[in-house]
Amino acid sequence: MLLVLLLCTAGVLNAAPNRDYEEEEAEEPTFWGPTILPTIQPGEFGFDFFFQNEQEKESDGHDGGNIIKPVQDDREYRAITLRNKIKAVIVSDPRTPKTTVEIRIRMGYAGEEVPGLAHFVEHMLFEGSEEYPDATAYPKFLSDKGGGYNGMTWTLGTGYYFYIQNEFWETPARMLASFIGYPTMFPERFDSAIAAVDSEYKRNINNNYRALLAIALTYANPDSGYGPFSTGSSGSLNTSDIIDKAKAFHNRYYSGNLMYMAALSNMSLDSLESKIREIYEPISNTDQEPYVFSSHPFPNATYLNKRFWIKSKNEDSSLTMAFAANLPLENRTVDYLYYVMDSTGQRGSVYRYLQEKGYITGLYASSAVDKNMLTIVVSLTDKGLGEVDLIVKTVMSFLKSALKSGVNKVLWEQMMSKRERKFQHGGRADPAWIPSTILDNIESGAKPEGYLGAPSTIQFDADKENSVLRCLIPENMNIYVASGKYEVEGNEFCPPLTRTEKWYNTSYEVRNIEEDFLEELENIEEDPELHLPIPHDFVPQNFEILPIVGDAPENPVQVPNENNLTIWLAQESQFPEPKLDMYCRIIPDQRFKTALDWAKSSLFYYMYTVQEKKDEIAAVAELSDYRFSFSSGMGSFGVFLSGYSDPDVVSRIISNIFKVMNDISFEQDESHFNITIRDRIKNSLKESDDGISAVVYKVFKQLVYPDDLSNADKLEALEQVTQKQVEEYRDRFLEDVAIECGMFGNVNEERALNFTSQIRTNLGAGKVVDENRRAQLDDEPLLLPPGEWLLRKRSPNPREPNAASRILYFLGKVKAGYGSEYDTPYMVHALATVLEVLMGQGCFNYLRTVKKLGYAAGCGVGYEGKYQTFRFSVTGARLDAGPVVMGQEVAAHIANEYERLQGLVNTTEGQEEIKEAVATSIRSLEEKPASYSDSMWRSWSQLFGDSEIDFERSTKNIAALKKVTPELLMEFYKESFYGDEKIKLTVEGYGTNHVMPEGDDVEGDAYNIENIPDFKGALLFDRLYL
């Protein structure tokens, strides 16, 4: 068995095939047993091809001219090598409104001497260089010009990207090149970078995946280069020589020969190449060797055959079966495994088999630890938590029976043909994602023709695919079960949890898997109920682009009909693709408002999704490259369908969507009903799982929205509702409905009428009326009286260390004018938008970077129903910076910004800055769609973004923006944040690190709301009767 482990994990060995074994097994092929194929060596990663020398590149056509593009892709591509050996792919897209640049370094946190060092270096680079010493200049410039940026660190990579409106891209490109090539790493900014890293660590302190991975890697080979903690924290990084280590890390790995990048712009390829060379060739190249792993993290039995019980960070339960492997490049075995095990719920799949028994609610396969492990992850019900061994045996039985003959070529090709259709006909990709897509594919081993991910570049290779399957054996496995039901002292689900992981403070226990259980798994019998999915022929064939009759309308148009339906048609002309996106709302004659109504609606939705799986509608749709979803709310039913525009396939799916609604059984076994449906909803409502931001948002909604229900009310109602009542709710809902549909894409009037007619026929509604019932979908907030209001809430999650403060100022109605002189529609919105441009980045810099209040901080415009708001939010875990301090610093920032705006108003340069903020806001509204999806969401926003359709909204917004003056903006600021009529609401959330004040212990004149129902009742009474 040691041979199996060595060959599945490769290590530093390059084992030769065992010819005797191959000949012995040739008579009866099986892949349930020892692997005999050598796999990829550690350190041999996808971009090795990309980093070959220039002569080799030219011989492989590395000029970008042979990149395979989708049918609708009219961009131009070129792969180049800079003089300093940075490898680059540049993209010319004349239709993009924004330029995107991404550069990556071929090193991350692998083999770190100090946990979090690579992440710390990433943050230190943003602290400035000699040429650009102001750490706030880069984010401010991007924010002011409608752009954004980020950095990220992973095992063998660190990445930096930005996007910005085309005409401004050179400035941030030069800044980024200076940061990456020649960072100063000012010692005085050490604290700022440490605080940023530490805040991210605390943000993820309750992340189950990170906690489980930390435990798994605690038991990995210590010589492999993998450590249990990579994010870094103040505890791991606060050493006297951290700056020296950071500089040494930068000198070692930030060399041109270890960098690769992609850039997309509206410039021609020649012009873009010239600029990229000018800006990025000055980065130094010292011809450094890349980091190479010395061994597999789980190379032999010492590190395998273990069973872990882990105390989850929330109430959920999950099972992970992790198999040591070393997945070959451009290998799709993991995707195939997910395809055949889940197959979106087809009969015979492991997912459906276990789901129908009430054991699981989800299942997927994936790679982990940089393709060194293949994992099968199962979401468990409470019933399933008690049957973990049975679930493991079921999975292993499937692996033995369904995979014993290796990867099924027909199913593999069916899976890949679906991907090829999506690649060729899935639509013109959003330009902002192109650079990342290219670099991701390079890392996955793609040669130039596959830089965009063309599935046709990957051919079926039985040896490659089956070499992975040979690793899926019991002796090559660890079992990890995480559950909120586990108790440290032990209970019926787990033994006592005697160990604690250092960084995420997670309680767990680990033991060797019992030998008799391993033996049982090795000799598991095949289950006849489990089998591979049946190949299907339900595939779209019609990719015809319909002609546009006459001039293409700029906005959706209403289609007249005799069926009492409201039909909106938006036939896409700018990006003609064989796609259809449809959304329909079915609105009853009244709005349901009570907790019981909510419970009936939620139960009906879950019953629909379970029935959908039984009828295999989702399977048929997904396997045919379609997505559809059904929503059930107290105000409407909703149906969304997205996919190809083949009319035959669309018609079949529409008829099935509503057939499900009538196939639901309302006489299910009550115990099974509770496990598979009722308990799933109850678990989703458990506030003990909520992060602090969710706690703050929920209590805010309960205060501001009249019909918002508490989780306690919802849970109580769920216990009362019977299946019969859910059926009565559905029937009552459908007695009298209005139907409104939006059709977008490759669709004309004839098809729109046909599709919507099928919806009406199959829905089974009693009466369909031609009425505008949009108003009853509005969920308008209670507008608080002028003054300052305070609401406090302690997190019910005992593991939540963070605190949060959410401060909102209600500025008036979005569409309102401002005073008699500026009574222009959307004037309030225009003024708020300009303030966001002027204040947004400075708010982040002050609250997070300067004051180090937490991992998330910012401010900007918001909407509550028809009301315009301006919000400030901070979340963090600093012991000396709880919600009260957060609120004080927000107030200080508002005061600082008041002084700054006064200075801008009183100087010529300042007035120019305000005018530029106005221009940025106008440019964002005038920005043309850059892809099919951009155009679709523009139409969807017009149709469904408001209860009142206004196709002139953008035009009116621009007209209002053009009337903004520095003096008017100053007046608006003063009235909004300091005026007698201001409305300010502060919601504070407290985690375990902070003590929540009691009663009326508040600063200033704020009124503390201690009882939400009483306060809302009094407010509504005043509105109605006084």
# chains A, B, ... in the order shown; residues from 1 in each chain; ligands from 1
>>> select_by_dssp(residues="range 273-471 of chain A", states="strand (DSSP E or B)", output="PyMOL selection string")
chain A and resi 306-311+317-324+360-368+373-380
>>> write_last_selection(atoms="C-alpha atoms", output="mmCIF file, in the first residue's frame")
data_model
loop_
_atom_site.group_PDB
_atom_site.id
_atom_site.type_symbol
_atom_site.label_atom_id
_atom_site.label_comp_id
_atom_site.auth_asym_id
_atom_site.auth_seq_id
_atom_site.Cartn_x
_atom_site.Cartn_y
_atom_site.Cartn_z
ATOM 1 C CA LYS A 306 -7.039 9.925 10.137
ATOM 2 C CA ARG A 307 -10.485 10.898 11.358
ATOM 3 C CA PHE A 308 -11.092 14.438 12.626
ATOM 4 C CA TRP A 309 -13.986 15.782 14.701
ATOM 5 C CA ILE A 310 -14.030 19.609 14.494
ATOM 6 C CA LYS A 311 -16.180 22.063 16.412
ATOM 7 C CA SER A 317 -22.454 20.211 9.752
ATOM 8 C CA SER A 318 -20.242 18.952 6.946
ATOM 9 C CA LEU A 319 -18.256 15.873 5.974
ATOM 10 C CA THR A 320 -15.065 16.098 3.910
ATOM 11 C CA MET A 321 -13.466 12.985 2.456
ATOM 12 C CA ALA A 322 -9.975 14.088 1.393
ATOM 13 C CA PHE A 323 -7.808 11.870 -0.816
ATOM 14 C CA ALA A 324 -4.100 12.522 -1.285
ATOM 15 C CA ILE A 360 -27.507 15.554 3.116
ATOM 16 C CA THR A 361 -28.449 18.871 1.531
ATOM 17 C CA GLY A 362 -25.486 19.274 -0.808
ATOM 18 C CA LEU A 363 -22.484 17.506 -2.316
ATOM 19 C CA TYR A 364 -19.577 18.562 -4.479
ATOM 20 C CA ALA A 365 -16.093 17.463 -5.475
ATOM 21 C CA SER A 366 -13.125 19.796 -5.696
ATOM 22 C CA SER A 367 -9.370 19.961 -5.466
ATOM 23 C CA ALA A 368 -7.671 21.395 -2.401
ATOM 24 C CA MET A 373 -5.868 16.596 -2.465
ATOM 25 C CA LEU A 374 -9.138 15.642 -4.086
ATOM 26 C CA THR A 375 -12.038 16.318 -1.741
ATOM 27 C CA ILE A 376 -15.657 15.204 -1.673
ATOM 28 C CA VAL A 377 -17.576 17.628 0.529
ATOM 29 C CA VAL A 378 -21.044 16.842 1.872
ATOM 30 C CA SER A 379 -23.426 19.192 3.695
ATOM 31 C CA LEU A 380 -25.075 17.144 6.443
#
>>> residues_around(residues="Thr218 in chain A", least_positions_apart="4", cutoff="10 Å", atoms="only C-alpha atoms", output="list in words")
Leu212, Leu213, Ala214, Pro222, Tyr226, Gly227, Pro228, Phe229, Glu501 and Lys502 of chain A
>>> write_last_selection(atoms="N, CA and C atoms", output="compact mmCIF listing (two decimals), in the first residue's frame")
# COMPACT_ATOMS: atom_id res chain seq x y z
N LEU A 212 -10.76 24.61 9.16
CA LEU A 212 -10.55 23.20 8.82
C LEU A 212 -9.22 23.01 8.10
N LEU A 213 -8.90 23.94 7.18
CA LEU A 213 -7.64 23.83 6.44
C LEU A 213 -6.45 23.95 7.39
N ALA A 214 -6.55 24.85 8.38
CA ALA A 214 -5.46 25.00 9.35
C ALA A 214 -5.23 23.70 10.12
N PRO A 222 5.81 18.51 7.60
CA PRO A 222 6.38 19.83 7.89
C PRO A 222 7.44 20.26 6.90
N TYR A 226 4.12 23.65 3.27
CA TYR A 226 2.77 24.08 3.64
C TYR A 226 2.70 24.26 5.15
N GLY A 227 2.24 25.43 5.58
CA GLY A 227 2.03 25.68 6.99
C GLY A 227 0.56 25.85 7.28
N PRO A 228 0.16 25.73 8.54
CA PRO A 228 -1.27 25.81 8.88
C PRO A 228 -1.84 27.21 8.85
N PHE A 229 -0.98 28.24 8.76
CA PHE A 229 -1.49 29.61 8.87
C PHE A 229 -0.76 30.49 7.87
N GLU A 501 -6.74 24.22 17.87
CA GLU A 501 -5.88 24.77 16.83
C GLU A 501 -5.48 26.20 17.23
N LYS A 502 -4.23 26.55 16.99
CA LYS A 502 -3.65 27.77 17.53
C LYS A 502 -4.25 29.05 16.97
>>> closest_residue(among="A:Ser143, A:Ile567, A:Ile894, A:His829", to="Lys956 in chain A", atoms="only C-alpha atoms")
A:His829
>>> closest_residue(among="A:Pro966, A:Glu1010, A:Tyr163, A:Ser693", to="Glu909 in chain A", atoms="only C-alpha atoms")
A:Pro966
>>> residues_around(residues="range 240-250 of chain A", least_positions_apart="6", cutoff="9 Å", atoms="only C-alpha atoms", output="list in words")
Glu113, Val114, Leu117, Ala118, Phe120, Val121, Met124, Ile180, Gly181, Pro183, Met185, Phe186, Pro187 and Phe190 of chain A
>>> write_last_selection(atoms="N, CA and C atoms", output="tab-separated table (two decimals), in the first residue's frame")
chain	number	residue	atom	x	y	z
A	113	GLU	N	8.93	31.64	6.22
A	113	GLU	CA	9.67	31.61	7.48
A	113	GLU	C	8.83	32.18	8.61
A	114	VAL	N	8.03	33.19	8.27
A	114	VAL	CA	7.13	33.83	9.23
A	114	VAL	C	5.71	33.72	8.68
A	117	LEU	N	4.03	36.36	6.01
A	117	LEU	CA	5.03	37.30	5.47
A	117	LEU	C	4.68	37.77	4.07
A	118	ALA	N	4.28	36.85	3.18
A	118	ALA	CA	3.94	37.26	1.81
A	118	ALA	C	2.76	38.21	1.80
A	120	PHE	N	1.92	40.21	4.23
A	120	PHE	CA	2.43	41.47	4.79
A	120	PHE	C	3.16	42.28	3.71
A	121	VAL	N	3.98	41.61	2.90
A	121	VAL	CA	4.69	42.29	1.82
A	121	VAL	C	3.69	42.90	0.85
A	124	MET	N	2.55	46.03	2.42
A	124	MET	CA	3.61	47.03	2.52
A	124	MET	C	3.86	47.72	1.18
A	180	ILE	N	5.62	47.83	-7.01
A	180	ILE	CA	6.07	46.45	-7.17
A	180	ILE	C	7.59	46.39	-7.34
A	181	GLY	N	8.12	47.29	-8.15
A	181	GLY	CA	9.54	47.23	-8.45
A	181	GLY	C	10.43	47.83	-7.39
A	183	PRO	N	9.51	49.33	-3.87
A	183	PRO	CA	8.82	49.80	-2.67
A	183	PRO	C	9.82	50.30	-1.63
A	185	MET	N	9.10	50.53	1.68
A	185	MET	CA	8.86	49.82	2.93
A	185	MET	C	9.27	50.68	4.12
A	186	PHE	N	8.65	51.84	4.19
A	186	PHE	CA	8.93	52.77	5.27
A	186	PHE	C	8.69	52.11	6.63
A	187	PRO	N	9.69	52.08	7.50
A	187	PRO	CA	9.49	51.45	8.83
A	187	PRO	C	8.35	52.09	9.61
A	190	PHE	N	5.00	50.40	9.12
A	190	PHE	CA	4.91	49.00	9.52
A	190	PHE	C	3.58	48.73	10.24
>>> atom_distance(atom1="CA of Leu853 in chain A", atom2="CA of Thr136 in chain A")
16.8 Å
>>> residues_around(residues="range 428-431 of chain A", least_positions_apart="5", cutoff="8 Å", atoms="only C-alpha atoms", output="PyMOL selection string")
chain A and resi 70+72-73+93+96+264+575+930-934
>>> residues_around(residues="Ile681 in chain A", least_positions_apart="6", cutoff="10 Å", atoms="only C-alpha atoms", output="list in words")
Ala599, Ser602, Leu603, Tyr606, Asn674, Ile675, Lys714, Leu715 and Leu718 of chain A
>>> write_last_selection(atoms="N, CA, C and O atoms", output="JSON list (two decimals), in the first residue's frame")
[["chain", "number", "residue", "atom", "x", "y", "z"],
["A", 599, "ALA", "N", -43.98, 32.01, 6.65],
["A", 599, "ALA", "CA", -43.67, 30.60, 6.84],
["A", 599, "ALA", "C", -44.24, 29.76, 5.70],
["A", 599, "ALA", "O", -43.56, 28.86, 5.17],
["A", 602, "SER", "N", -42.14, 30.38, 2.55],
["A", 602, "SER", "CA", -40.81, 29.75, 2.61],
["A", 602, "SER", "C", -40.90, 28.24, 2.46],
["A", 602, "SER", "O", -40.10, 27.61, 1.75],
["A", 603, "LEU", "N", -41.87, 27.63, 3.12],
["A", 603, "LEU", "CA", -42.05, 26.18, 3.01],
["A", 603, "LEU", "C", -42.40, 25.80, 1.57],
["A", 603, "LEU", "O", -41.91, 24.79, 1.06],
["A", 606, "TYR", "N", -39.20, 25.83, -0.59],
["A", 606, "TYR", "CA", -38.34, 24.67, -0.37],
["A", 606, "TYR", "C", -38.98, 23.39, -0.91],
["A", 606, "TYR", "O", -38.30, 22.50, -1.43],
["A", 674, "ASN", "N", -39.95, 17.28, 7.87],
["A", 674, "ASN", "CA", -39.24, 18.16, 8.82],
["A", 674, "ASN", "C", -37.73, 18.16, 8.56],
["A", 674, "ASN", "O", -37.09, 19.20, 8.60],
["A", 675, "ILE", "N", -37.15, 16.98, 8.30],
["A", 675, "ILE", "CA", -35.71, 16.87, 8.10],
["A", 675, "ILE", "C", -35.28, 17.56, 6.82],
["A", 675, "ILE", "O", -34.30, 18.32, 6.80],
["A", 714, "LYS", "N", -40.48, 34.32, 12.99],
["A", 714, "LYS", "CA", -40.46, 33.38, 11.87],
["A", 714, "LYS", "C", -40.37, 31.94, 12.36],
["A", 714, "LYS", "O", -41.06, 31.05, 11.85],
["A", 715, "LEU", "N", -39.51, 31.70, 13.35],
["A", 715, "LEU", "CA", -39.35, 30.34, 13.88],
["A", 715, "LEU", "C", -40.64, 29.83, 14.52],
["A", 715, "LEU", "O", -41.02, 28.67, 14.35],
["A", 718, "LEU", "N", -43.04, 28.92, 11.74],
["A", 718, "LEU", "CA", -42.66, 27.69, 11.04],
["A", 718, "LEU", "C", -43.17, 26.45, 11.75],
["A", 718, "LEU", "O", -43.54, 25.45, 11.11]]
>>> atom_distance(atom1="CA of Gly638 in chain A", atom2="CA of Gln571 in chain A")
21.4 Å
>>> select_by_dssp(residues="range 116-345 of chain A", states="helix (DSSP H, G or I)", output="NGL selection string")
:A and (117-125 or 137-144 or 166-168 or 170-181 or 187-203 or 208-218 or 234-237 or 242-253 or 256-258 or 269-280 or 301-303 or 333-341 or 343-345)
>>> residues_around(residues="Ile914 in chain A", least_positions_apart="2", cutoff="9 Å", atoms="only C-alpha atoms", output="PDB file with all heavy atoms, in the first residue's frame")
ATOM      1  N   VAL A 834     -22.064  62.983  -5.784  1.00  0.00           N
ATOM      2  CA  VAL A 834     -20.823  63.761  -5.845  1.00  0.00           C
ATOM      3  C   VAL A 834     -20.096  63.692  -4.503  1.00  0.00           C
ATOM      4  O   VAL A 834     -18.866  63.578  -4.452  1.00  0.00           O
ATOM      5  CB  VAL A 834     -21.119  65.225  -6.241  1.00  0.00           C
ATOM      6  CG1 VAL A 834     -19.834  66.055  -6.197  1.00  0.00           C
ATOM      7  CG2 VAL A 834     -21.730  65.285  -7.637  1.00  0.00           C
ATOM      8  N   LEU A 838     -16.189  62.399  -3.718  1.00  0.00           N
ATOM      9  CA  LEU A 838     -15.227  63.226  -2.993  1.00  0.00           C
ATOM     10  C   LEU A 838     -14.778  62.596  -1.678  1.00  0.00           C
ATOM     11  O   LEU A 838     -13.639  62.769  -1.249  1.00  0.00           O
ATOM     12  CB  LEU A 838     -15.835  64.605  -2.710  1.00  0.00           C
ATOM     13  CG  LEU A 838     -15.978  65.538  -3.919  1.00  0.00           C
ATOM     14  CD1 LEU A 838     -16.843  66.732  -3.552  1.00  0.00           C
ATOM     15  CD2 LEU A 838     -14.611  66.001  -4.412  1.00  0.00           C
ATOM     16  N   LEU A 901     -14.079  70.459   2.606  1.00  0.00           N
ATOM     17  CA  LEU A 901     -14.975  70.958   1.557  1.00  0.00           C
ATOM     18  C   LEU A 901     -15.025  72.474   1.533  1.00  0.00           C
ATOM     19  O   LEU A 901     -15.089  73.100   0.464  1.00  0.00           O
ATOM     20  CB  LEU A 901     -16.379  70.374   1.751  1.00  0.00           C
ATOM     21  CG  LEU A 901     -16.582  68.917   1.324  1.00  0.00           C
ATOM     22  CD1 LEU A 901     -17.982  68.454   1.661  1.00  0.00           C
ATOM     23  CD2 LEU A 901     -16.322  68.753  -0.171  1.00  0.00           C
ATOM     24  N   LEU A 904     -12.102  73.522  -0.342  1.00  0.00           N
ATOM     25  CA  LEU A 904     -12.263  73.313  -1.777  1.00  0.00           C
ATOM     26  C   LEU A 904     -13.133  74.401  -2.398  1.00  0.00           C
ATOM     27  O   LEU A 904     -12.836  74.912  -3.487  1.00  0.00           O
ATOM     28  CB  LEU A 904     -12.896  71.943  -2.040  1.00  0.00           C
ATOM     29  CG  LEU A 904     -12.069  70.710  -1.675  1.00  0.00           C
ATOM     30  CD1 LEU A 904     -12.857  69.434  -1.989  1.00  0.00           C
ATOM     31  CD2 LEU A 904     -10.746  70.687  -2.422  1.00  0.00           C
ATOM     32  N   VAL A 905     -14.203  74.759  -1.719  1.00  0.00           N
ATOM     33  CA  VAL A 905     -15.120  75.765  -2.242  1.00  0.00           C
ATOM     34  C   VAL A 905     -14.432  77.117  -2.386  1.00  0.00           C
ATOM     35  O   VAL A 905     -14.719  77.895  -3.301  1.00  0.00           O
ATOM     36  CB  VAL A 905     -16.362  75.880  -1.332  1.00  0.00           C
ATOM     37  CG1 VAL A 905     -17.230  77.082  -1.726  1.00  0.00           C
ATOM     38  CG2 VAL A 905     -17.182  74.604  -1.400  1.00  0.00           C
ATOM     39  N   GLU A 909      -8.387  75.723  -7.272  1.00  0.00           N
ATOM     40  CA  GLU A 909      -8.029  74.306  -7.427  1.00  0.00           C
ATOM     41  C   GLU A 909      -9.081  73.405  -6.801  1.00  0.00           C
ATOM     42  O   GLU A 909      -9.416  72.344  -7.343  1.00  0.00           O
ATOM     43  CB  GLU A 909      -6.664  74.046  -6.787  1.00  0.00           C
ATOM     44  CG  GLU A 909      -5.494  74.642  -7.554  1.00  0.00           C
ATOM     45  CD  GLU A 909      -4.168  74.276  -6.923  1.00  0.00           C
ATOM     46  OE1 GLU A 909      -4.180  73.614  -5.861  1.00  0.00           O
ATOM     47  OE2 GLU A 909      -3.130  74.654  -7.482  1.00  0.00           O
ATOM     48  N   GLY A 910      -9.607  73.826  -5.642  1.00  0.00           N
ATOM     49  CA  GLY A 910     -10.621  73.021  -4.975  1.00  0.00           C
ATOM     50  C   GLY A 910     -11.900  72.936  -5.789  1.00  0.00           C
ATOM     51  O   GLY A 910     -12.530  71.867  -5.878  1.00  0.00           O
ATOM     52  N   GLN A 911     -12.294  74.055  -6.388  1.00  0.00           N
ATOM     53  CA  GLN A 911     -13.501  74.034  -7.211  1.00  0.00           C
ATOM     54  C   GLN A 911     -13.321  73.130  -8.427  1.00  0.00           C
ATOM     55  O   GLN A 911     -14.262  72.462  -8.861  1.00  0.00           O
ATOM     56  CB  GLN A 911     -13.855  75.455  -7.644  1.00  0.00           C
ATOM     57  CG  GLN A 911     -14.310  76.337  -6.480  1.00  0.00           C
ATOM     58  CD  GLN A 911     -14.928  77.635  -6.933  1.00  0.00           C
ATOM     59  OE1 GLN A 911     -15.202  77.832  -8.103  1.00  0.00           O
ATOM     60  NE2 GLN A 911     -15.165  78.538  -5.983  1.00  0.00           N
ATOM     61  N   GLU A 912     -12.093  73.079  -8.964  1.00  0.00           N
ATOM     62  CA  GLU A 912     -11.814  72.164 -10.070  1.00  0.00           C
ATOM     63  C   GLU A 912     -11.948  70.708  -9.625  1.00  0.00           C
ATOM     64  O   GLU A 912     -12.412  69.856 -10.379  1.00  0.00           O
ATOM     65  CB  GLU A 912     -10.418  72.423 -10.635  1.00  0.00           C
ATOM     66  CG  GLU A 912     -10.296  73.711 -11.433  1.00  0.00           C
ATOM     67  CD  GLU A 912     -11.241  73.736 -12.627  1.00  0.00           C
ATOM     68  OE1 GLU A 912     -11.347  72.696 -13.328  1.00  0.00           O
ATOM     69  OE2 GLU A 912     -11.912  74.766 -12.834  1.00  0.00           O
ATOM     70  N   GLU A 916     -14.450  67.990 -11.194  1.00  0.00           N
ATOM     71  CA  GLU A 916     -13.996  66.686 -11.675  1.00  0.00           C
ATOM     72  C   GLU A 916     -14.820  65.560 -11.044  1.00  0.00           C
ATOM     73  O   GLU A 916     -15.114  64.547 -11.681  1.00  0.00           O
ATOM     74  CB  GLU A 916     -12.516  66.495 -11.377  1.00  0.00           C
ATOM     75  CG  GLU A 916     -11.949  65.152 -11.815  1.00  0.00           C
ATOM     76  CD  GLU A 916     -12.151  64.857 -13.290  1.00  0.00           C
ATOM     77  OE1 GLU A 916     -12.168  65.802 -14.112  1.00  0.00           O
ATOM     78  OE2 GLU A 916     -12.299  63.663 -13.632  1.00  0.00           O
ATOM     79  N   ALA A 917     -15.218  65.730  -9.772  1.00  0.00           N
ATOM     80  CA  ALA A 917     -16.078  64.733  -9.125  1.00  0.00           C
ATOM     81  C   ALA A 917     -17.434  64.667  -9.827  1.00  0.00           C
ATOM     82  O   ALA A 917     -18.001  63.589 -10.012  1.00  0.00           O
ATOM     83  CB  ALA A 917     -16.253  65.068  -7.646  1.00  0.00           C
ATOM     84  N   VAL A 918     -17.950  65.812 -10.224  1.00  0.00           N
ATOM     85  CA  VAL A 918     -19.205  65.848 -10.985  1.00  0.00           C
ATOM     86  C   VAL A 918     -19.011  65.142 -12.325  1.00  0.00           C
ATOM     87  O   VAL A 918     -19.837  64.325 -12.748  1.00  0.00           O
ATOM     88  CB  VAL A 918     -19.679  67.304 -11.199  1.00  0.00           C
ATOM     89  CG1 VAL A 918     -20.869  67.339 -12.160  1.00  0.00           C
ATOM     90  CG2 VAL A 918     -20.053  67.946  -9.880  1.00  0.00           C
ATOM     91  N   ALA A 919     -17.884  65.429 -12.984  1.00  0.00           N
ATOM     92  CA  ALA A 919     -17.615  64.824 -14.288  1.00  0.00           C
ATOM     93  C   ALA A 919     -17.488  63.307 -14.171  1.00  0.00           C
ATOM     94  O   ALA A 919     -17.971  62.561 -15.038  1.00  0.00           O
ATOM     95  CB  ALA A 919     -16.339  65.421 -14.884  1.00  0.00           C
ATOM     96  N   THR A 965     -23.169  72.816  -7.991  1.00  0.00           N
ATOM     97  CA  THR A 965     -22.117  73.818  -7.845  1.00  0.00           C
ATOM     98  C   THR A 965     -21.399  73.597  -6.519  1.00  0.00           C
ATOM     99  O   THR A 965     -21.954  72.970  -5.601  1.00  0.00           O
ATOM    100  CB  THR A 965     -22.699  75.236  -7.870  1.00  0.00           C
ATOM    101  OG1 THR A 965     -23.525  75.411  -6.695  1.00  0.00           O
ATOM    102  CG2 THR A 965     -23.528  75.479  -9.124  1.00  0.00           C
ATOM    103  N   PRO A 966     -20.167  74.095  -6.377  1.00  0.00           N
ATOM    104  CA  PRO A 966     -19.471  73.949  -5.099  1.00  0.00           C
ATOM    105  C   PRO A 966     -20.260  74.520  -3.923  1.00  0.00           C
ATOM    106  O   PRO A 966     -20.314  73.917  -2.843  1.00  0.00           O
ATOM    107  CB  PRO A 966     -18.155  74.694  -5.322  1.00  0.00           C
ATOM    108  CG  PRO A 966     -17.920  74.592  -6.801  1.00  0.00           C
ATOM    109  CD  PRO A 966     -19.283  74.673  -7.415  1.00  0.00           C
ATOM    110  N   LEU A 969     -23.227  72.264  -3.050  1.00  0.00           N
ATOM    111  CA  LEU A 969     -22.750  71.049  -2.405  1.00  0.00           C
ATOM    112  C   LEU A 969     -22.420  71.309  -0.941  1.00  0.00           C
ATOM    113  O   LEU A 969     -22.728  70.505  -0.059  1.00  0.00           O
ATOM    114  CB  LEU A 969     -21.516  70.535  -3.144  1.00  0.00           C
ATOM    115  CG  LEU A 969     -21.038  69.129  -2.758  1.00  0.00           C
ATOM    116  CD1 LEU A 969     -22.050  68.079  -3.203  1.00  0.00           C
ATOM    117  CD2 LEU A 969     -19.679  68.838  -3.392  1.00  0.00           C
TER     118      LEU A 969
END
